[in-house]
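The next block is protein36.cif, given as mmCIF, C-alpha atoms and all ligand atoms.
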data_target
#
loop_
_atom_site.label_atom_id
_atom_site.label_comp_id
_atom_site.auth_asym_id
_atom_site.auth_seq_id
_atom_site.Cartn_x
_atom_site.Cartn_y
_atom_site.Cartn_z
CA MET L 5 0.00 0.00 0.00
CA THR L 6 2.83 2.40 0.75
CA THR L 7 6.21 2.88 -0.79
CA GLY L 8 8.89 3.06 1.86
CA PRO L 9 11.94 5.28 1.66
CA THR L 10 14.52 4.19 -0.88
CA PRO L 11 18.25 4.89 -0.60
CA GLU L 12 18.11 7.99 -2.77
CA ALA L 13 14.45 8.81 -2.53
CA THR L 14 13.46 12.15 -3.97
CA ALA L 15 9.83 12.15 -2.90
CA ALA L 16 8.10 11.25 0.34
CA PRO L 17 6.11 8.02 0.29
CA THR L 18 2.47 8.27 -0.69
CA SER L 19 -0.56 6.16 0.10
CA ALA L 20 -2.11 4.68 -3.01
CA VAL L 21 -5.64 4.15 -1.75
CA PRO L 22 -8.10 6.27 0.26
CA LEU L 23 -8.36 5.23 3.92
CA LEU L 24 -11.37 5.39 6.22
CA PHE L 25 -10.51 5.17 9.91
CA HIS L 26 -13.79 4.35 11.67
CA ASN L 27 -15.25 3.18 14.99
CA GLY L 28 -12.95 5.56 16.89
CA LEU L 29 -13.24 8.15 19.63
CA LEU L 30 -12.66 11.20 17.45
CA ILE L 31 -10.85 14.11 19.10
CA ASP L 32 -10.34 16.43 16.16
CA GLY L 33 -8.14 19.13 17.74
CA ARG L 34 -10.82 21.84 17.65
CA GLY L 35 -11.73 21.47 21.32
CA GLY L 36 -15.34 20.30 21.00
CA GLU L 37 -16.87 17.21 22.57
CA PRO L 38 -15.19 14.00 21.42
CA VAL L 39 -17.24 12.02 18.91
CA ARG L 40 -17.96 8.36 19.72
CA ASP L 41 -18.06 6.14 16.65
CA GLY L 42 -16.10 8.86 14.88
CA ALA L 43 -14.43 8.43 11.51
CA VAL L 44 -11.86 10.16 9.30
CA LEU L 45 -11.62 9.78 5.55
CA VAL L 46 -8.15 10.30 4.08
CA GLU L 47 -7.40 10.68 0.39
CA ASP L 48 -4.32 11.95 -1.47
CA GLY L 49 -2.58 12.72 1.81
CA LEU L 50 -5.36 15.01 3.01
CA VAL L 51 -8.30 14.74 5.37
CA ARG L 52 -11.40 14.66 3.15
CA TRP L 53 -13.95 14.37 5.91
CA ALA L 54 -14.13 13.78 9.69
CA GLY L 55 -17.20 13.29 11.89
CA PRO L 56 -19.71 10.79 13.29
CA GLY L 57 -19.57 7.46 11.43
CA ALA L 58 -23.34 7.60 10.84
CA GLU L 59 -22.90 10.75 8.75
CA ARG L 60 -20.04 9.59 6.61
CA PRO L 61 -20.14 10.52 2.93
CA GLU L 62 -20.05 8.04 0.10
CA LEU L 63 -16.60 6.49 0.01
CA PRO L 64 -14.33 6.88 -3.02
CA ALA L 65 -13.83 3.67 -5.01
CA GLY L 66 -11.21 1.39 -3.48
CA THR L 67 -11.31 2.93 0.00
CA ARG L 68 -9.72 0.72 2.62
CA GLU L 69 -11.82 0.69 5.80
CA ILE L 70 -9.84 0.51 9.02
CA ASP L 71 -11.70 -0.39 12.22
CA VAL L 72 -9.87 1.30 15.10
CA ARG L 73 -11.93 -0.65 17.67
CA GLY L 74 -13.03 2.28 19.81
CA ASP L 75 -9.54 3.68 20.33
CA ALA L 76 -8.87 7.41 20.02
CA ILE L 77 -8.30 9.17 16.69
CA LEU L 78 -6.32 12.38 17.19
CA PRO L 79 -4.44 14.86 15.02
CA GLY L 80 -0.72 14.13 14.76
CA PHE L 81 1.00 15.95 17.60
CA ILE L 82 3.34 18.91 17.22
CA ASP L 83 6.37 19.35 19.46
CA CYS L 84 7.49 22.99 19.34
CA HIS L 85 10.83 22.44 21.05
CA VAL L 86 13.20 19.59 20.22
CA HIS L 87 16.88 19.14 19.44
CA MET L 88 17.33 16.16 17.14
CA ALA L 89 21.10 16.61 17.13
CA ALA L 90 21.36 16.31 20.92
CA PRO L 91 21.44 12.88 22.55
CA GLY L 92 18.74 13.19 25.23
CA GLY L 93 20.07 13.14 28.77
CA ALA L 94 22.91 15.18 30.20
CA LEU L 95 24.29 17.48 27.52
CA ASP L 96 28.06 17.16 27.36
CA HIS L 97 29.19 19.80 24.90
CA ALA L 98 32.79 18.62 24.95
CA GLU L 99 31.67 15.15 23.92
CA LEU L 100 29.35 16.55 21.25
CA SER L 101 32.04 18.87 19.88
CA ALA L 102 34.52 15.99 19.66
CA MET L 103 32.13 14.05 17.43
CA PRO L 104 32.46 14.26 13.64
CA ARG L 105 29.58 16.30 12.21
CA SER L 106 28.49 13.43 9.98
CA LEU L 107 28.10 11.12 12.98
CA ARG L 108 25.99 13.68 14.80
CA THR L 109 23.72 13.80 11.78
CA PHE L 110 23.51 10.03 11.41
CA LEU L 111 22.64 9.72 15.10
CA SER L 112 19.71 12.07 14.65
CA ALA L 113 18.07 9.71 12.12
CA PRO L 114 16.85 7.06 14.61
CA ARG L 115 15.76 9.84 16.97
CA MET L 116 13.56 11.33 14.26
CA ARG L 117 11.96 7.95 13.65
CA GLN L 118 11.44 7.46 17.39
CA THR L 119 9.79 10.88 17.63
CA LEU L 120 7.38 10.13 14.79
CA PHE L 121 6.56 6.77 16.35
CA ALA L 122 5.73 8.52 19.65
CA GLY L 123 2.87 10.25 17.81
CA VAL L 124 4.63 13.48 16.85
CA THR L 125 4.21 14.30 13.16
CA THR L 126 5.71 17.81 13.20
CA VAL L 127 8.55 19.29 15.25
CA ARG L 128 10.25 22.63 15.56
CA ASP L 129 13.95 21.97 16.06
CA LEU L 130 15.41 24.88 18.02
CA GLY L 131 19.09 24.23 17.47
CA GLY L 132 21.32 21.55 16.01
CA ALA L 133 19.34 20.37 12.98
CA ASP L 134 19.90 22.16 9.69
CA ALA L 135 17.92 22.40 6.46
CA GLY L 136 19.34 19.03 5.36
CA HIS L 137 17.56 17.22 8.18
CA LYS L 138 14.30 18.72 6.99
CA LYS L 139 14.92 17.92 3.34
CA ALA L 140 15.93 14.34 4.12
CA VAL L 141 12.49 13.77 5.66
CA ASP L 142 10.60 15.73 2.99
CA ASP L 143 12.32 13.73 0.25
CA GLY L 144 11.59 10.38 1.89
CA LEU L 145 15.23 9.56 2.60
CA LEU L 146 14.57 9.42 6.36
CA VAL L 147 11.47 8.54 8.36
CA GLY L 148 10.64 11.33 10.76
CA PRO L 149 8.31 14.17 11.62
CA ARG L 150 7.93 17.21 9.38
CA LEU L 151 10.51 19.74 10.57
CA GLN L 152 10.83 23.45 11.08
CA VAL L 153 14.48 24.18 11.79
CA ALA L 154 16.15 27.08 13.59
CA ILE L 155 19.56 25.60 12.64
CA ALA L 156 21.46 27.17 15.57
CA MET L 157 20.55 29.33 18.54
CA LEU L 158 21.66 32.96 18.43
CA SER L 159 23.27 34.00 21.70
CA PRO L 160 25.35 36.84 23.10
CA THR L 161 28.90 36.16 24.22
CA GLY L 162 28.82 34.36 27.57
CA GLY L 163 25.12 33.59 27.08
CA HIS L 164 23.20 30.34 26.84
CA GLY L 165 24.70 29.53 23.45
CA ASP L 166 28.26 30.09 24.59
CA PHE L 167 29.39 26.66 25.70
CA ARG L 168 33.05 27.56 26.19
CA ALA L 169 34.59 27.26 29.61
CA GLY L 170 35.61 30.58 31.15
CA THR L 171 39.25 29.79 30.36
CA ASP L 172 38.62 29.10 26.67
CA ASP L 173 39.44 31.95 24.24
CA GLY L 174 38.74 29.86 21.15
CA VAL L 175 35.61 29.91 19.00
CA THR L 176 32.27 28.27 19.80
CA ASP L 177 31.07 25.16 18.02
CA PRO L 178 28.75 26.62 15.35
CA THR L 179 26.50 23.56 15.16
CA MET L 180 24.26 24.32 18.11
CA SER L 181 24.72 28.09 18.44
CA ARG L 182 26.16 31.29 16.93
CA LEU L 183 27.36 34.25 18.97
CA ALA L 184 26.41 37.82 18.15
CA ASP L 185 26.66 41.04 20.14
CA GLY L 186 24.91 44.30 19.43
CA VAL L 187 22.27 45.19 16.90
CA ASP L 188 24.57 45.19 13.85
CA ASP L 189 26.05 41.82 14.65
CA CYS L 190 22.57 40.39 15.31
CA ARG L 191 21.45 41.60 11.87
CA ARG L 192 24.33 39.80 10.21
CA ALA L 193 23.83 36.62 12.26
CA VAL L 194 20.09 36.29 11.65
CA ARG L 195 20.51 36.97 7.93
CA ASP L 196 23.13 34.25 7.78
CA LEU L 197 20.75 31.71 9.36
CA LEU L 198 17.98 32.73 6.97
CA ARG L 199 20.43 32.33 4.08
CA LYS L 200 21.09 28.78 5.26
CA GLY L 201 17.41 27.88 5.28
CA ALA L 202 16.19 28.59 8.82
CA ASP L 203 12.39 28.30 9.08
CA CYS L 204 12.38 30.04 12.45
CA ILE L 205 14.92 31.72 14.70
CA LYS L 206 15.93 30.89 18.26
CA VAL L 207 17.44 33.53 20.52
CA ALA L 208 18.93 33.26 23.99
CA ALA L 209 17.15 35.89 26.09
CA THR L 210 18.59 34.51 29.34
CA GLY L 211 21.29 32.18 30.51
CA GLY L 212 20.48 28.56 31.11
CA VAL L 213 21.18 25.30 32.84
CA TRP L 214 23.63 23.69 30.42
CA SER L 215 25.81 26.71 29.64
CA PRO L 216 28.86 26.81 31.91
CA THR L 217 29.40 30.51 32.64
CA ASP L 218 25.94 31.98 33.17
CA GLN L 219 22.81 31.60 35.25
CA PRO L 220 19.18 31.20 34.08
CA ASP L 221 18.34 34.63 35.50
CA ASP L 222 21.22 36.40 33.74
CA ASP L 223 20.03 38.50 30.81
CA GLY L 224 20.91 37.22 27.36
CA PHE L 225 20.22 39.44 24.36
CA LEU L 226 18.74 42.79 25.33
CA GLU L 227 15.45 44.09 24.01
CA ASP L 228 16.97 46.07 21.12
CA GLU L 229 18.94 43.06 19.91
CA ILE L 230 15.87 40.82 20.10
CA ARG L 231 13.69 43.39 18.32
CA THR L 232 16.21 43.63 15.49
CA ILE L 233 16.15 39.86 15.08
CA THR L 234 12.34 39.56 15.19
CA GLU L 235 11.97 42.38 12.63
CA ILE L 236 14.39 40.81 10.18
CA ALA L 237 12.81 37.37 10.58
CA ALA L 238 9.32 38.86 10.09
CA GLY L 239 10.53 40.48 6.88
CA HIS L 240 11.39 37.05 5.50
CA ARG L 241 7.91 35.69 4.83
CA GLY L 242 6.78 36.19 8.40
CA LYS L 243 9.33 33.93 10.06
CA ARG L 244 8.99 33.79 13.81
CA VAL L 245 11.34 33.93 16.74
CA ALA L 246 11.42 31.65 19.79
CA ALA L 247 13.22 32.90 22.87
CA HIS L 248 15.00 30.71 25.35
CA ALA L 249 14.00 32.68 28.47
CA GLN L 250 14.02 31.41 32.04
CA GLY L 251 14.58 34.35 34.44
CA ARG L 252 11.98 37.14 34.64
CA GLY L 253 14.10 39.99 33.21
CA GLY L 254 14.95 38.10 30.05
CA ILE L 255 11.36 36.92 29.63
CA LEU L 256 10.27 40.57 29.61
CA ASN L 257 13.03 41.57 27.16
CA ALA L 258 11.94 38.77 24.84
CA VAL L 259 8.23 39.58 24.92
CA ARG L 260 8.87 43.31 24.46
CA GLY L 261 11.25 42.47 21.62
CA GLY L 262 8.40 40.76 19.78
CA VAL L 263 9.12 37.03 20.00
CA ALA L 264 6.36 34.57 19.12
CA SER L 265 7.12 32.24 22.02
CA VAL L 266 8.83 32.19 25.37
CA GLU L 267 10.55 28.83 25.77
CA HIS L 268 10.74 27.47 29.35
CA GLY L 269 9.53 30.71 31.01
CA TYR L 270 10.29 29.25 34.42
CA GLU L 271 10.19 32.57 36.31
CA ILE L 272 7.26 34.06 34.40
CA ASP L 273 5.43 36.66 36.52
CA ASP L 274 2.27 38.75 36.25
CA GLU L 275 4.01 41.57 34.40
CA ALA L 276 5.15 39.17 31.68
CA ILE L 277 1.80 37.37 31.70
CA ASP L 278 -0.10 40.65 31.15
CA LEU L 279 2.15 41.53 28.23
CA MET L 280 1.92 38.04 26.72
CA LEU L 281 -1.88 38.05 26.96
CA GLU L 282 -1.95 41.45 25.26
CA ARG L 283 0.36 40.36 22.44
CA GLY L 284 -0.73 36.74 22.06
CA THR L 285 2.76 35.49 22.90
CA PHE L 286 2.93 31.74 23.48
CA LEU L 287 4.50 30.00 26.44
CA VAL L 288 6.24 26.68 25.69
CA PRO L 289 6.97 25.46 29.22
CA THR L 290 9.05 22.34 28.35
CA LEU L 291 7.95 20.59 31.54
CA THR L 292 9.27 17.23 30.36
CA THR L 293 12.77 18.60 30.66
CA ALA L 294 12.04 20.71 33.73
CA ASN L 295 10.76 17.60 35.51
CA THR L 296 13.54 15.26 34.41
CA ASP L 297 16.13 14.96 37.14
CA PRO L 298 19.63 15.14 35.71
CA ASP L 299 21.83 12.12 36.34
CA PRO L 300 24.32 13.35 38.97
CA LEU L 301 26.93 10.95 37.58
CA LYS L 302 26.69 12.37 34.06
CA ALA L 303 25.81 16.04 34.56
CA ALA L 304 28.44 18.58 35.57
CA SER L 305 27.97 19.60 39.21
CA TRP L 306 27.20 23.22 38.26
CA ALA L 307 24.51 22.06 35.80
CA TYR L 308 23.01 19.69 38.37
CA ALA L 309 22.70 22.46 40.96
CA LYS L 310 21.15 24.92 38.49
CA LYS L 311 18.71 22.30 37.28
CA LYS L 312 17.44 21.36 40.73
CA HIS L 313 16.91 24.99 41.70
CA TRP L 314 15.12 25.99 38.49
CA GLN L 315 12.83 22.97 38.67
CA THR L 316 11.32 24.41 41.82
CA VAL L 317 11.08 27.87 40.23
CA ALA L 318 9.15 26.37 37.29
CA ARG L 319 6.78 24.49 39.57
CA ARG L 320 5.94 27.75 41.34
CA HIS L 321 5.45 29.95 38.28
CA ILE L 322 4.16 27.88 35.35
CA PRO L 323 0.84 26.83 36.96
CA HIS L 324 0.07 30.50 37.64
CA ALA L 325 0.66 31.43 33.99
CA ILE L 326 -1.61 28.57 32.93
CA GLU L 327 -4.28 29.64 35.39
CA ARG L 328 -4.17 33.15 33.97
CA GLY L 329 -4.77 31.83 30.48
CA VAL L 330 -1.48 32.46 28.69
CA ARG L 331 -1.51 30.64 25.35
CA VAL L 332 0.44 27.42 25.75
CA ALA L 333 1.96 25.32 22.98
CA MET L 334 3.48 21.92 23.66
CA GLY L 335 7.25 21.65 23.59
CA THR L 336 9.47 19.19 25.40
CA ASP L 337 13.12 20.05 24.81
CA CYS L 338 13.64 16.40 23.85
CA GLY L 339 17.33 16.17 23.11
CA ILE L 340 17.84 17.38 26.65
CA ALA L 341 15.03 15.06 27.82
CA ALA L 342 14.97 11.57 26.29
CA HIS L 343 13.82 11.37 22.67
CA GLY L 344 10.62 9.54 21.81
CA THR L 345 8.65 10.25 24.97
CA ASN L 346 7.39 13.63 23.81
CA LEU L 347 3.76 13.14 24.77
CA ARG L 348 4.63 12.84 28.45
CA GLU L 349 4.43 16.62 28.24
CA LEU L 350 0.63 16.41 28.07
CA ALA L 351 0.38 14.89 31.56
CA HIS L 352 2.81 17.50 32.88
CA LEU L 353 0.60 20.24 31.45
CA VAL L 354 -2.41 18.70 33.19
CA GLU L 355 -0.46 18.48 36.47
CA SER L 356 0.18 22.21 36.02
CA GLY L 357 -3.52 22.98 35.76
CA MET L 358 -4.61 22.43 32.16
CA THR L 359 -7.55 20.20 31.33
CA PRO L 360 -6.73 17.07 29.30
CA MET L 361 -8.48 18.67 26.31
CA GLY L 362 -6.50 21.88 26.85
CA ALA L 363 -3.27 19.91 26.86
CA ILE L 364 -4.25 18.09 23.65
CA LEU L 365 -5.01 21.42 21.98
CA ALA L 366 -1.62 22.76 23.16
CA GLY L 367 -0.06 19.81 21.33
CA THR L 368 -2.17 20.13 18.18
CA SER L 369 -4.09 23.23 17.04
CA GLU L 370 -2.37 25.71 19.37
CA ALA L 371 1.07 24.41 18.43
CA ALA L 372 0.08 24.69 14.76
CA GLU L 373 -0.85 28.34 15.38
CA LEU L 374 2.53 29.04 16.94
CA LEU L 375 4.34 27.45 14.00
CA GLY L 376 2.25 29.40 11.48
CA LEU L 377 0.94 26.11 10.08
CA ALA L 378 -2.68 26.22 11.29
CA HIS L 379 -3.93 26.20 7.70
CA GLU L 380 -2.20 22.84 7.11
CA ILE L 381 -2.02 20.84 10.34
CA GLY L 382 -3.22 20.68 13.95
CA THR L 383 -6.83 19.57 13.42
CA LEU L 384 -8.63 16.79 11.58
CA GLU L 385 -10.69 18.92 9.22
CA PRO L 386 -11.28 18.65 5.48
CA GLY L 387 -8.33 19.98 3.49
CA LYS L 388 -5.75 19.60 6.26
CA ARG L 389 -2.80 17.27 5.88
CA ALA L 390 -3.76 13.79 7.05
CA ASP L 391 -1.44 13.65 10.05
CA LEU L 392 -3.16 11.43 12.58
CA VAL L 393 -2.61 9.20 15.55
CA ILE L 394 -4.59 6.21 16.78
CA ALA L 395 -4.02 5.83 20.53
CA ARG L 396 -5.24 3.17 22.90
CA GLY L 397 -8.09 4.12 25.23
CA ASN L 398 -9.47 7.54 26.05
CA PRO L 399 -6.79 10.20 26.60
CA LEU L 400 -9.39 12.54 28.08
CA THR L 401 -9.74 10.23 31.08
CA ASP L 402 -6.10 9.03 31.09
CA ILE L 403 -3.85 11.68 29.57
CA ALA L 404 -0.69 9.94 30.79
CA SER L 405 -1.42 6.97 28.52
CA LEU L 406 -0.40 9.06 25.48
CA GLY L 407 3.05 9.52 27.00
CA LYS L 408 3.79 5.82 26.61
CA PRO L 409 4.73 5.18 22.98
CA GLU L 410 3.36 1.62 23.19
CA ASN L 411 -0.12 3.14 23.48
CA VAL L 412 0.38 5.01 20.21
CA LEU L 413 -0.81 2.28 17.88
CA LEU L 414 -0.73 4.01 14.52
CA VAL L 415 0.90 7.18 13.24
CA ALA L 416 0.14 8.54 9.78
CA LYS L 417 1.77 11.57 8.20
CA ASP L 418 0.39 13.04 4.98
CA GLY L 419 -1.98 10.06 4.92
CA VAL L 420 0.78 7.46 5.04
CA PRO L 421 0.82 5.09 8.02
CA TYR L 422 4.43 4.82 9.24
CA LYS L 423 3.86 3.13 12.57
CA ASP L 424 1.12 0.51 12.67
CA THR L 425 1.69 -1.71 15.71
CA ASP L 426 -1.40 -3.86 15.33
CA GLY L 427 -1.37 -3.94 11.55
CA LEU L 428 -4.63 -1.98 11.43
CA ALA L 429 -3.90 -0.58 7.98
CA ALA L 430 -2.01 -3.63 6.70
ZN ZN G 1 16.09 23.68 23.98
#
Since I need it in another form, could you write the structure as structure tokens?
Ligand SMILES: [Zn+2]
Amino acid sequence: MTTGPTPEATAAPTSAVPLLFHNGLLIDGRGGEPVRDGAVLVEDGLVRWAGPGAERPELPAGTREIDVRGDAILPGFIDCHVHMAAPGGALDHAELSAMPRSLRTFLSAPRMRQTLFAGVTTVRDLGGADAGHKKAVDDGLLVGPRLQVAIAMLSPTGGHGDFRAGTDDGVTDPTMSRLADGVDDCRRAVRDLLRKGADCIKVAATGGVWSPTDQPDDDGFLEDEIRTITEIAAGHRGKRVAAHAQGRGGILNAVRGGVASVEHGYEIDDEAIDLMLERGTFLVPTLTTANTDPDPLKAASWAYAKKKHWQTVARRHIPHAIERGVRVAMGTDCGIAAHGTNLRELAHLVESGMTPMGAILAGTSEAAELLGLAHEIGTLEPGKRADLVIARGNPLTDIASLGKPENVLLVAKDGVPYKDTDGLAA
């Protein structure tokens, strides 16, 4: 039924016949009541129809009917914050820098597959994956989620993207980050990333856990630098900027500078919340990573200490932002957290005060809005790309079940089933 990737594939696989997924609990990503005995008709890689099985239209000739046995039918999930080039677990930049670039790229291939098989059909990679990763998936050479790539994080000297020890006067490894200081240098740096095919831009608005010489509440880029970057990105077909921002001062600089999303946002306060509500800025709280305890044997002692402290900061501040109704999009920081368990984030969002439906929307239609892809993905509606997930049981009564990849029974992207544990579409 499908053509798998070939060694030098130049087109993504396609599904030859229309598919009707029926007898499912349909959660279409629009936030309404789930539909029992729901169905989705897929043709030419697109959703043709979705709704109650009793109302289904006449099926195109040759449609394959797939009984999903009462399990949930959901839109493919969207993870707005991953790093396919990072291993998942303690980030050892020395180890990463010592690795040939080609090996780093090869290692990202199984991670991409694992991510897709966890139910994630689109990711935004915020540092480490370049335009080649994206093209390899688009062309069917690799199996993975659709990608938006930031290529490398922009950071000021000594900021979150500066992984040099304080004694090192050499240059930074350009794979994960690029340094720039001042408005002029930021202009040059962002234009260079756009030249190389960046779909979005990542800026360091504060320090972070895994950078050796700063703290998460140190300022990164200042407001004028961030504004310069967001303006240039916006002038390139509306490209958007994500800000790594953990301490409150940097969160404010980022929001005032016009970013589309605050990543992490651990020390978000009412002043930032007010501004984000006014501007429609998204929060991507990356709770999977915040809640993963670093391995004290693998993490540097300074990173371990920062991580433990900022975990408690996040647990104090994120639920308040959620309660106040800041727009939330799902992002995990997988690459720091383990790859392939992305949908654990949904349960963390619920623990922080979201409803299960709210968490599902954060991982589907809201995430699609943040990525500027709401016209293509994020809901199961006619005309959208047929990215869908069949998951065991009812995630509205057991949201944590989605976080276990074994409960994700089938994953289709552009109408093509890639994972099909029970051979439903075989
Ligand atoms: Zn990250």
7 Å shell around ligand ZN 1 (chain G) using only C-alpha atoms and all ligand atoms, listed as a ChimeraX atom specification | /L:85-87,130,337
Can I get the selection written as a CSV table (one decimal), in the coordinates of the input, with C-alpha atoms?
chain,number,residue,atom,x,y,z
L,85,HIS,CA,10.8,22.4,21.0
L,86,VAL,CA,13.2,19.6,20.2
L,87,HIS,CA,16.9,19.1,19.4
L,130,LEU,CA,15.4,24.9,18.0
L,337,ASP,CA,13.1,20.0,24.8
Quick one: which region 114-221 of chain L residues come within 6 Å of region 232-256 of chain L, and what is the nearest atom pair for each with the distance in Å to one decimal, counting only C-alpha atoms, rows ordered by chain and ascending number, as a Markdown table?
| residue | atom | partner | partner_atom | distance |
| --- | --- | --- | --- | --- |
| L:Cys204 | CA | L:Arg244 | CA | 5.2 |
| L:Ile205 | CA | L:Val245 | CA | 4.7 |
| L:Lys206 | CA | L:Ala246 | CA | 4.8 |
| L:Val207 | CA | L:Ala247 | CA | 4.9 |
| L:Ala208 | CA | L:His248 | CA | 4.9 |
| L:Ala209 | CA | L:Gly254 | CA | 5.0 |
| L:Thr210 | CA | L:Ala249 | CA | 5.0 |
| L:Pro220 | CA | L:Gln250 | CA | 5.6 |
| L:Asp221 | CA | L:Gly251 | CA | 3.9 |
Need the axis-aligned box for region 330-336 of chain L with 8 Å each side, so what are the centre and edges in Å to one decimal, as lines of an AutoDock Vina configuration file?
center_x = 4.0
center_y = 25.8
center_z = 25.8
size_x = 27.0
size_y = 29.3
size_z = 21.7
Of the candidates L:Asp142, L:Asp273, L:Glu47, L:Asp71, which shows the shortest atom-to-atom distance to Gly419 (chain L), using all atoms listed in the file?
->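 For Gly419 (chain L), the nearest of the given residues is L:Glu47.
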Could you tell me which of L:Ala351, L:Ala342, L:Ala303, L:Ala372 comes closest to Leu291 (chain L) if we count all atoms listed in the file?
->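 Checking each of L:Ala351, L:Ala342, L:Ala303, L:Ala372 against Leu291 (chain L), counting all atoms listed in the file, the winner is L:Ala351.
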Between CA of Ala76 (chain L) and CA of Leu428 (chain L) - distance in Å to one decimal |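 Taking CA of Leu428 (chain L) as the start and CA of Ala76 (chain L) as the end point, the length is 13.4 Å.
Considering only C-alpha atoms, the residue among L:Ala140, L:Ile82, L:Thr296, L:Glu410 positioned nearest to Ala333 (chain L) is L:Ile82.
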Which one is closest to Val213 (chain L): L:Ala309, L:Leu384, L:Ile155, L:Val288? Count all atoms listed in the file.
->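 Closest residue, counting all atoms listed in the file: L:Ala309.
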Hey, which of L:Pro22, L:Gly344, L:Gly397, L:Gly357 ends up closest to Arg328 (chain L)? Count all atoms listed in the file.
-> L:Gly357
Nearest to Lys388 (chain L) among L:Ala102, L:Ile272, L:Val44, L:Leu30, with distances taken over only C-alpha atoms: which residue is it?
->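 The answer is L:Val44, which sits nearest to Lys388 (chain L).
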Tell me which protein, DNA and RNA residues are within 10 Å of Pro409 (chain L), counting all atoms listed in the file, leaving out same-chain ones fewer than 4 positions away, and put them as a VMD selection string.
-> chain L and resid 118 to 123 344 to 348 395 405 413
Between CA of Leu158 (chain L) and CA of Gln219 (chain L), distance in Å (one decimal) =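 Interatomic distance here is 16.9 Å.
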Have a look at CA of Leu29 (chain L) and CA of Pro149 (chain L) and let me know their distance in Å, one decimal.
->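 Rounded to one decimal, the two atoms are 23.8 Å apart.
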Using only C-alpha atoms, which residues sit within 12 Å of Asp274 (chain L) once same-chain residues fewer than 4 positions away are excluded, as a list of chain:residue names?
->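 My reading of the contact set: L:Arg252, L:Ile255, L:Leu256, L:Asp278, L:Leu279, L:Met280, L:Leu281, L:His321, L:Ile322, L:His324, L:Ala325, L:Ile326, L:Glu327, L:Arg328, L:Gly329, L:Val330.
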Can you check which parts of region 199-226 of chain L lie within 6 Å of region 159-177 of chain L? Per residue, the shortest pair of atoms and distance in Å to one decimal, counting only C-alpha atoms, sorted by chain and number, as JSON lines.
{"residue": "L:Val207", "atom": "CA", "partner": "L:Ser159", "partner_atom": "CA", "distance": 6.0}
{"residue": "L:Ala208", "atom": "CA", "partner": "L:Ser159", "partner_atom": "CA", "distance": 5.0}
{"residue": "L:Gly211", "atom": "CA", "partner": "L:His164", "partner_atom": "CA", "distance": 4.5}
{"residue": "L:Gly212", "atom": "CA", "partner": "L:His164", "partner_atom": "CA", "distance": 5.4}
{"residue": "L:Ser215", "atom": "CA", "partner": "L:His164", "partner_atom": "CA", "distance": 5.3}
{"residue": "L:Gly224", "atom": "CA", "partner": "L:Gly163", "partner_atom": "CA", "distance": 5.6}
{"residue": "L:Phe225", "atom": "CA", "partner": "L:Pro160", "partner_atom": "CA", "distance": 5.9}
Exercise: Leu350 (chain L) partners within 8 Å, all atoms listed in the file, chain neighbours under 5 positions left out, as a PDB file with C-alpha atoms, keeping the file's coordinate frame:
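Writing the result to around.pdb gives the following:
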ATOM      1  CA  MET L 334       3.480  21.920  23.660  1.00  0.00           C
ATOM      2  CA  PRO L 360      -6.730  17.070  29.300  1.00  0.00           C
ATOM      3  CA  ALA L 363      -3.270  19.910  26.860  1.00  0.00           C
ATOM      4  CA  ILE L 364      -4.250  18.090  23.650  1.00  0.00           C
ATOM      5  CA  GLY L 367      -0.060  19.810  21.330  1.00  0.00           C
ATOM      6  CA  ILE L 403      -3.850  11.680  29.570  1.00  0.00           C
ATOM      7  CA  ALA L 404      -0.690   9.940  30.790  1.00  0.00           C
ATOM      8  CA  LEU L 406      -0.400   9.060  25.480  1.00  0.00           C
ATOM      9  CA  GLY L 407       3.050   9.520  27.000  1.00  0.00           C
TER      10      GLY L 407
END
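Within 9 Å of Gly33 (chain L), once all atoms listed in the file are used and residues closer than 2 positions along the same chain are dropped, the contacting residues are L:Ile31, L:Gly35, L:Gly36, L:Leu78, L:Pro79, L:Met361, L:Ile364, L:Leu365, L:Gly367, L:Thr368, L:Ser369, L:Glu370, L:Gly382, L:Thr383, L:Leu384, L:Glu385.
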Residue selection dump (C-alpha atoms) as a CSV table (one decimal), in the frame of the given file:
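What landed in out07.csv:
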chain,number,residue,atom,x,y,z
L,31,ILE,CA,-10.8,14.1,19.1
L,35,GLY,CA,-11.7,21.5,21.3
L,36,GLY,CA,-15.3,20.3,21.0
L,78,LEU,CA,-6.3,12.4,17.2
L,79,PRO,CA,-4.4,14.9,15.0
L,361,MET,CA,-8.5,18.7,26.3
L,364,ILE,CA,-4.2,18.1,23.6
L,365,LEU,CA,-5.0,21.4,22.0
L,367,GLY,CA,-0.1,19.8,21.3
L,368,THR,CA,-2.2,20.1,18.2
L,369,SER,CA,-4.1,23.2,17.0
L,370,GLU,CA,-2.4,25.7,19.4
L,382,GLY,CA,-3.2,20.7,14.0
L,383,THR,CA,-6.8,19.6,13.4
L,384,LEU,CA,-8.6,16.8,11.6
L,385,GLU,CA,-10.7,18.9,9.2
Near Ala429 (chain L), counting only C-alpha atoms, which residues have an atom at most 7 Å away, once you skip same-chain residues fewer than 2 positions from it, shown as number ranges by chain?
-> L: 70, 424, 427
Scan for residues within 6 Å of the point (13.5, 25.0, 28.8) in the coordinates of the file, using all atoms listed in the file, and reply as a ChimeraX atom specification.
-> /L:267-268,290
Given the selection you just returned, output its residues as a file containing C-alpha atoms, formatted as a PDB file, keeping the file's coordinate frame.
ATOM      1  CA  GLU L 267      10.550  28.830  25.770  1.00  0.00           C
ATOM      2  CA  HIS L 268      10.740  27.470  29.350  1.00  0.00           C
ATOM      3  CA  THR L 290       9.050  22.340  28.350  1.00  0.00           C
TER       4      THR L 290
END
